[in-house]
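Asks: Have a look at this one.
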Amino acid sequence: NIHPDKCAEIIGEERAHEMARVAQELYSKAAEYALGKGIIIADTKFEFGVDKQGNLMLIDEVLTPDSSRFWPTASYKVGRTQESYDKQYLRDYLTSIDFDMQTPIDLPPTVLDNTLKKYIEAYVKLTGNRPDLS
């Protein structure tokens, strides 16, 4: 992540403005859709690149529980930590065990299962379908 001014320095003002406009349009459409399904997209990230012809391209994952924070509207309350459908559950677990972010660990099955359940719940709310995990 870099400051918008630094981005414009690197890629030029015109491209930086185009990228910001596209990101805001994507977020607005996604946030409106998700809100209608009972989910607040609290934040997200978009990664952009350009193709050989110089066209702006959206790259990497988009609007997933790994790249966004999804909060259920039903339990949202201002001023407190929010329930979520994203990787915050896993982050909270790692913080609770003072994980150093360097040493490989095996996650307990309950942590894996609960994280997967949150991702599936978000998927079902947003799409109306169950994912095929086979």
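Identifiers in this document derive from the order of the structure tokens: chains are assigned A, B, ..., residues are numbered from 1 separately in each chain, and ligands are numbered from 1 in order of occurrence.
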Which residues come within 12 Å of Ser28 of chain A, counting only C-alpha atoms, excluding same-chain residues fewer than 5 positions away, as a ChimeraX atom specification?
Replies: /A:21-23,33-35,40-44,63
Asks: Got a sec: who's within 10 Å of segment 116-130 of chain A, counting only C-alpha atoms, leaving out chain neighbours fewer than 6 positions off, as a list in words?
Replies: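 These residues fall inside the cut-off: Tyr33, Ala34, Leu35, Gly36, Lys37, Gly38, Ile39, Thr64, Pro65, Asp66, Phe70, Trp71, Pro72, Ser84, Tyr85, Asp86, Lys87, Tyr89 and Thr110 of chain A.
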Asks: Now that the selection is made, can you save its residues with N, CA and C atoms as a tab-separated table (two decimals), in the first residue's frame?
Replies:
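After the write, part.tsv holds the following:
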```
chain	number	residue	atom	x	y	z
A	33	TYR	N	-24.29	-4.24	-3.81
A	33	TYR	CA	-24.78	-5.61	-3.98
A	33	TYR	C	-24.73	-6.37	-2.65
A	34	ALA	N	-23.57	-6.33	-1.99
A	34	ALA	CA	-23.40	-7.07	-0.74
A	34	ALA	C	-24.36	-6.57	0.34
A	35	LEU	N	-24.54	-5.27	0.41
A	35	LEU	CA	-25.46	-4.71	1.41
A	35	LEU	C	-26.86	-5.28	1.23
A	36	GLY	N	-27.27	-5.44	0.00
A	36	GLY	CA	-28.57	-6.04	-0.30
A	36	GLY	C	-28.66	-7.51	0.11
A	37	LYS	N	-27.51	-8.13	0.33
A	37	LYS	CA	-27.45	-9.53	0.76
A	37	LYS	C	-27.13	-9.65	2.25
A	38	GLY	N	-27.06	-8.52	2.95
A	38	GLY	CA	-26.83	-8.55	4.39
A	38	GLY	C	-25.37	-8.51	4.80
A	39	ILE	N	-24.51	-8.03	3.92
A	39	ILE	CA	-23.08	-7.95	4.22
A	39	ILE	C	-22.55	-6.55	3.95
A	64	THR	N	-12.78	-11.11	-2.03
A	64	THR	CA	-12.84	-12.39	-1.34
A	64	THR	C	-12.67	-12.15	0.16
A	65	PRO	N	-12.97	-13.15	1.00
A	65	PRO	CA	-12.72	-12.99	2.43
A	65	PRO	C	-11.23	-12.82	2.76
A	66	ASP	N	-10.35	-13.15	1.85
A	66	ASP	CA	-8.92	-12.93	2.07
A	66	ASP	C	-8.48	-11.51	1.70
A	70	PHE	N	-15.62	-8.53	5.50
A	70	PHE	CA	-17.07	-8.67	5.34
A	70	PHE	C	-17.72	-8.74	6.72
A	71	TRP	N	-18.64	-7.82	7.00
A	71	TRP	CA	-19.34	-7.79	8.28
A	71	TRP	C	-20.83	-8.04	8.06
A	72	PRO	N	-21.45	-8.88	8.88
A	72	PRO	CA	-22.91	-9.06	8.76
A	72	PRO	C	-23.65	-7.80	9.22
A	84	SER	N	-17.41	-11.13	11.75
A	84	SER	CA	-17.00	-11.06	10.36
A	84	SER	C	-17.09	-12.40	9.66
A	85	TYR	N	-17.08	-12.33	8.33
A	85	TYR	CA	-17.06	-13.52	7.48
A	85	TYR	C	-15.70	-13.68	6.81
A	86	ASP	N	-14.69	-13.07	7.34
A	86	ASP	CA	-13.41	-13.03	6.66
A	86	ASP	C	-12.31	-13.66	7.50
A	87	LYS	N	-11.06	-13.36	7.14
A	87	LYS	CA	-9.94	-14.01	7.82
A	87	LYS	C	-9.63	-13.39	9.19
A	89	TYR	N	-11.11	-13.91	11.93
A	89	TYR	CA	-11.17	-15.01	12.91
A	89	TYR	C	-9.80	-15.68	13.04
A	110	THR	N	-10.14	-27.14	14.52
A	110	THR	CA	-11.29	-26.27	14.80
A	110	THR	C	-11.10	-24.89	14.20
```
Asks: If you run DSSP on the backbone here, which positions in chain A get strand (DSSP E)? Please write them as a PDB file with all heavy atoms, in the first residue's frame.
Replies:
```
ATOM      1  N   ILE A  39     -24.506  -8.026   3.916  1.00  0.00           N
ATOM      2  CA  ILE A  39     -23.078  -7.954   4.218  1.00  0.00           C
ATOM      3  C   ILE A  39     -22.555  -6.550   3.947  1.00  0.00           C
ATOM      4  O   ILE A  39     -22.812  -5.971   2.895  1.00  0.00           O
ATOM      5  CB  ILE A  39     -22.280  -8.983   3.390  1.00  0.00           C
ATOM      6  CG1 ILE A  39     -22.635 -10.400   3.827  1.00  0.00           C
ATOM      7  CG2 ILE A  39     -20.774  -8.748   3.521  1.00  0.00           C
ATOM      8  CD1 ILE A  39     -21.934 -11.496   3.040  1.00  0.00           C
ATOM      9  N   ILE A  40     -21.806  -6.033   4.901  1.00  0.00           N
ATOM     10  CA  ILE A  40     -21.087  -4.769   4.729  1.00  0.00           C
ATOM     11  C   ILE A  40     -19.675  -5.122   4.278  1.00  0.00           C
ATOM     12  O   ILE A  40     -18.997  -5.915   4.938  1.00  0.00           O
ATOM     13  CB  ILE A  40     -21.012  -3.987   6.058  1.00  0.00           C
ATOM     14  CG1 ILE A  40     -22.410  -3.621   6.546  1.00  0.00           C
ATOM     15  CG2 ILE A  40     -20.123  -2.754   5.909  1.00  0.00           C
ATOM     16  CD1 ILE A  40     -22.450  -3.153   7.997  1.00  0.00           C
ATOM     17  N   ILE A  41     -19.237  -4.551   3.165  1.00  0.00           N
ATOM     18  CA  ILE A  41     -17.827  -4.696   2.787  1.00  0.00           C
ATOM     19  C   ILE A  41     -17.103  -3.514   3.427  1.00  0.00           C
ATOM     20  O   ILE A  41     -17.134  -2.389   2.932  1.00  0.00           O
ATOM     21  CB  ILE A  41     -17.624  -4.712   1.262  1.00  0.00           C
ATOM     22  CG1 ILE A  41     -18.431  -5.843   0.627  1.00  0.00           C
ATOM     23  CG2 ILE A  41     -16.129  -4.858   0.935  1.00  0.00           C
ATOM     24  CD1 ILE A  41     -18.364  -5.888  -0.890  1.00  0.00           C
ATOM     25  N   ALA A  42     -16.493  -3.783   4.576  1.00  0.00           N
ATOM     26  CA  ALA A  42     -15.863  -2.717   5.358  1.00  0.00           C
ATOM     27  C   ALA A  42     -14.645  -2.149   4.648  1.00  0.00           C
ATOM     28  O   ALA A  42     -14.397  -0.945   4.699  1.00  0.00           O
ATOM     29  CB  ALA A  42     -15.466  -3.242   6.733  1.00  0.00           C
ATOM     30  N   ASP A  43     -13.884  -3.001   4.013  1.00  0.00           N
ATOM     31  CA  ASP A  43     -12.780  -2.556   3.169  1.00  0.00           C
ATOM     32  C   ASP A  43     -12.368  -3.701   2.261  1.00  0.00           C
ATOM     33  O   ASP A  43     -12.777  -4.841   2.448  1.00  0.00           O
ATOM     34  CB  ASP A  43     -11.597  -2.016   3.969  1.00  0.00           C
ATOM     35  CG  ASP A  43     -10.872  -3.066   4.807  1.00  0.00           C
ATOM     36  OD1 ASP A  43     -10.962  -4.276   4.502  1.00  0.00           O
ATOM     37  OD2 ASP A  43     -10.201  -2.697   5.770  1.00  0.00           O
ATOM     38  N   THR A  44     -11.584  -3.352   1.270  1.00  0.00           N
ATOM     39  CA  THR A  44     -11.093  -4.349   0.329  1.00  0.00           C
ATOM     40  C   THR A  44      -9.855  -3.799  -0.337  1.00  0.00           C
ATOM     41  O   THR A  44      -9.496  -2.632  -0.135  1.00  0.00           O
ATOM     42  CB  THR A  44     -12.173  -4.724  -0.707  1.00  0.00           C
ATOM     43  OG1 THR A  44     -11.778  -5.914  -1.396  1.00  0.00           O
ATOM     44  CG2 THR A  44     -12.438  -3.606  -1.694  1.00  0.00           C
ATOM     45  N   GLU A  47      -5.830  -4.905  -6.900  1.00  0.00           N
ATOM     46  CA  GLU A  47      -4.492  -4.810  -7.474  1.00  0.00           C
ATOM     47  C   GLU A  47      -4.637  -4.649  -8.976  1.00  0.00           C
ATOM     48  O   GLU A  47      -5.423  -5.349  -9.608  1.00  0.00           O
ATOM     49  CB  GLU A  47      -3.671  -6.052  -7.123  1.00  0.00           C
ATOM     50  CG  GLU A  47      -3.425  -6.162  -5.626  1.00  0.00           C
ATOM     51  CD  GLU A  47      -2.595  -7.365  -5.245  1.00  0.00           C
ATOM     52  OE1 GLU A  47      -1.842  -7.885  -6.085  1.00  0.00           O
ATOM     53  OE2 GLU A  47      -2.697  -7.786  -4.080  1.00  0.00           O
ATOM     54  N   PHE A  48      -3.887  -3.713  -9.515  1.00  0.00           N
ATOM     55  CA  PHE A  48      -3.963  -3.396 -10.931  1.00  0.00           C
ATOM     56  C   PHE A  48      -2.605  -3.566 -11.597  1.00  0.00           C
ATOM     57  O   PHE A  48      -1.568  -3.465 -10.965  1.00  0.00           O
ATOM     58  CB  PHE A  48      -4.418  -1.939 -11.140  1.00  0.00           C
ATOM     59  CG  PHE A  48      -5.829  -1.671 -10.685  1.00  0.00           C
ATOM     60  CD1 PHE A  48      -6.100  -1.188  -9.415  1.00  0.00           C
ATOM     61  CD2 PHE A  48      -6.892  -1.892 -11.547  1.00  0.00           C
ATOM     62  CE1 PHE A  48      -7.394  -0.935  -9.005  1.00  0.00           C
ATOM     63  CE2 PHE A  48      -8.199  -1.640 -11.144  1.00  0.00           C
ATOM     64  CZ  PHE A  48      -8.449  -1.159  -9.869  1.00  0.00           C
ATOM     65  N   GLY A  49      -2.647  -3.807 -12.878  1.00  0.00           N
ATOM     66  CA  GLY A  49      -1.466  -3.841 -13.725  1.00  0.00           C
ATOM     67  C   GLY A  49      -1.864  -3.324 -15.086  1.00  0.00           C
ATOM     68  O   GLY A  49      -2.983  -2.843 -15.277  1.00  0.00           O
ATOM     69  N   VAL A  50      -0.960  -3.403 -16.031  1.00  0.00           N
ATOM     70  CA  VAL A  50      -1.281  -3.028 -17.398  1.00  0.00           C
ATOM     71  C   VAL A  50      -0.840  -4.145 -18.330  1.00  0.00           C
ATOM     72  O   VAL A  50       0.112  -4.867 -18.048  1.00  0.00           O
ATOM     73  CB  VAL A  50      -0.611  -1.695 -17.828  1.00  0.00           C
ATOM     74  CG1 VAL A  50      -1.190  -0.525 -17.061  1.00  0.00           C
ATOM     75  CG2 VAL A  50       0.890  -1.745 -17.653  1.00  0.00           C
ATOM     76  N   LEU A  56      -5.343  -0.759 -18.566  1.00  0.00           N
ATOM     77  CA  LEU A  56      -5.430  -1.064 -17.145  1.00  0.00           C
ATOM     78  C   LEU A  56      -6.118  -2.403 -16.964  1.00  0.00           C
ATOM     79  O   LEU A  56      -7.162  -2.663 -17.566  1.00  0.00           O
ATOM     80  CB  LEU A  56      -6.219   0.035 -16.421  1.00  0.00           C
ATOM     81  CG  LEU A  56      -6.271  -0.066 -14.908  1.00  0.00           C
ATOM     82  CD1 LEU A  56      -4.893   0.172 -14.308  1.00  0.00           C
ATOM     83  CD2 LEU A  56      -7.271   0.946 -14.349  1.00  0.00           C
ATOM     84  N   MET A  57      -5.546  -3.262 -16.135  1.00  0.00           N
ATOM     85  CA  MET A  57      -6.088  -4.602 -15.889  1.00  0.00           C
ATOM     86  C   MET A  57      -6.247  -4.817 -14.385  1.00  0.00           C
ATOM     87  O   MET A  57      -5.341  -4.491 -13.615  1.00  0.00           O
ATOM     88  CB  MET A  57      -5.143  -5.679 -16.430  1.00  0.00           C
ATOM     89  CG  MET A  57      -4.808  -5.558 -17.908  1.00  0.00           C
ATOM     90  SD  MET A  57      -6.193  -5.882 -18.975  1.00  0.00           S
ATOM     91  CE  MET A  57      -6.453  -7.599 -18.688  1.00  0.00           C
ATOM     92  N   LEU A  58      -7.381  -5.360 -13.987  1.00  0.00           N
ATOM     93  CA  LEU A  58      -7.593  -5.781 -12.610  1.00  0.00           C
ATOM     94  C   LEU A  58      -6.962  -7.156 -12.477  1.00  0.00           C
ATOM     95  O   LEU A  58      -7.254  -8.068 -13.258  1.00  0.00           O
ATOM     96  CB  LEU A  58      -9.096  -5.835 -12.319  1.00  0.00           C
ATOM     97  CG  LEU A  58      -9.529  -6.215 -10.909  1.00  0.00           C
ATOM     98  CD1 LEU A  58      -9.008  -5.206  -9.890  1.00  0.00           C
ATOM     99  CD2 LEU A  58     -11.043  -6.301 -10.842  1.00  0.00           C
ATOM    100  N   ILE A  59      -6.077  -7.317 -11.506  1.00  0.00           N
ATOM    101  CA  ILE A  59      -5.359  -8.582 -11.358  1.00  0.00           C
ATOM    102  C   ILE A  59      -5.515  -9.112  -9.940  1.00  0.00           C
ATOM    103  O   ILE A  59      -5.938  -8.406  -9.049  1.00  0.00           O
ATOM    104  CB  ILE A  59      -3.862  -8.420 -11.707  1.00  0.00           C
ATOM    105  CG1 ILE A  59      -3.192  -7.370 -10.807  1.00  0.00           C
ATOM    106  CG2 ILE A  59      -3.684  -8.026 -13.158  1.00  0.00           C
ATOM    107  CD1 ILE A  59      -1.695  -7.279 -10.975  1.00  0.00           C
ATOM    108  N   SER A  68     -10.729  -8.797   1.665  1.00  0.00           N
ATOM    109  CA  SER A  68     -11.749  -7.845   2.119  1.00  0.00           C
ATOM    110  C   SER A  68     -12.147  -8.163   3.556  1.00  0.00           C
ATOM    111  O   SER A  68     -11.883  -9.245   4.064  1.00  0.00           O
ATOM    112  CB  SER A  68     -13.009  -7.965   1.250  1.00  0.00           C
ATOM    113  OG  SER A  68     -12.698  -7.911  -0.111  1.00  0.00           O
ATOM    114  N   ARG A  69     -12.809  -7.208   4.173  1.00  0.00           N
ATOM    115  CA  ARG A  69     -13.454  -7.469   5.458  1.00  0.00           C
ATOM    116  C   ARG A  69     -14.958  -7.414   5.239  1.00  0.00           C
ATOM    117  O   ARG A  69     -15.487  -6.390   4.814  1.00  0.00           O
ATOM    118  CB  ARG A  69     -13.009  -6.458   6.522  1.00  0.00           C
ATOM    119  CG  ARG A  69     -11.589  -6.723   6.986  1.00  0.00           C
ATOM    120  CD  ARG A  69     -11.208  -5.897   8.175  1.00  0.00           C
ATOM    121  NE  ARG A  69     -11.193  -4.489   7.799  1.00  0.00           N
ATOM    122  CZ  ARG A  69     -11.248  -3.487   8.670  1.00  0.00           C
ATOM    123  NH1 ARG A  69     -11.338  -3.730   9.963  1.00  0.00           N
ATOM    124  NH2 ARG A  69     -11.226  -2.242   8.259  1.00  0.00           N
ATOM    125  N   PHE A  70     -15.621  -8.534   5.504  1.00  0.00           N
ATOM    126  CA  PHE A  70     -17.068  -8.671   5.340  1.00  0.00           C
ATOM    127  C   PHE A  70     -17.717  -8.738   6.718  1.00  0.00           C
ATOM    128  O   PHE A  70     -17.401  -9.629   7.503  1.00  0.00           O
ATOM    129  CB  PHE A  70     -17.411  -9.962   4.592  1.00  0.00           C
ATOM    130  CG  PHE A  70     -16.954 -10.039   3.164  1.00  0.00           C
ATOM    131  CD1 PHE A  70     -16.869 -11.263   2.548  1.00  0.00           C
ATOM    132  CD2 PHE A  70     -16.646  -8.913   2.427  1.00  0.00           C
ATOM    133  CE1 PHE A  70     -16.468 -11.373   1.223  1.00  0.00           C
ATOM    134  CE2 PHE A  70     -16.245  -9.007   1.106  1.00  0.00           C
ATOM    135  CZ  PHE A  70     -16.162 -10.243   0.502  1.00  0.00           C
ATOM    136  N   TRP A  71     -18.636  -7.819   7.000  1.00  0.00           N
ATOM    137  CA  TRP A  71     -19.338  -7.790   8.281  1.00  0.00           C
ATOM    138  C   TRP A  71     -20.829  -8.035   8.058  1.00  0.00           C
ATOM    139  O   TRP A  71     -21.437  -7.427   7.168  1.00  0.00           O
ATOM    140  CB  TRP A  71     -19.174  -6.441   8.954  1.00  0.00           C
ATOM    141  CG  TRP A  71     -17.765  -6.064   9.308  1.00  0.00           C
ATOM    142  CD1 TRP A  71     -16.677  -6.882   9.402  1.00  0.00           C
ATOM    143  CD2 TRP A  71     -17.311  -4.741   9.613  1.00  0.00           C
ATOM    144  NE1 TRP A  71     -15.575  -6.146   9.750  1.00  0.00           N
ATOM    145  CE2 TRP A  71     -15.930  -4.831   9.891  1.00  0.00           C
ATOM    146  CE3 TRP A  71     -17.924  -3.503   9.690  1.00  0.00           C
ATOM    147  CZ2 TRP A  71     -15.164  -3.728  10.235  1.00  0.00           C
ATOM    148  CZ3 TRP A  71     -17.163  -2.399  10.027  1.00  0.00           C
ATOM    149  CH2 TRP A  71     -15.800  -2.520  10.310  1.00  0.00           C
ATOM    150  N   PRO A  72     -21.453  -8.879   8.877  1.00  0.00           N
ATOM    151  CA  PRO A  72     -22.905  -9.059   8.755  1.00  0.00           C
ATOM    152  C   PRO A  72     -23.650  -7.803   9.216  1.00  0.00           C
ATOM    153  O   PRO A  72     -23.359  -7.256  10.283  1.00  0.00           O
ATOM    154  CB  PRO A  72     -23.207 -10.247   9.677  1.00  0.00           C
ATOM    155  CG  PRO A  72     -22.016 -10.411  10.553  1.00  0.00           C
ATOM    156  CD  PRO A  72     -20.861  -9.738   9.895  1.00  0.00           C
TER     157      PRO A  72
END
```
Asks: For atom CA of Phe46 of chain A and atom CA of Ala20 of chain A, quote the distance in Å rounded to one decimal.
Replies: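 Straight-line distance from atom CA of Phe46 of chain A to atom CA of Ala20 of chain A works out to 9.9 Å.
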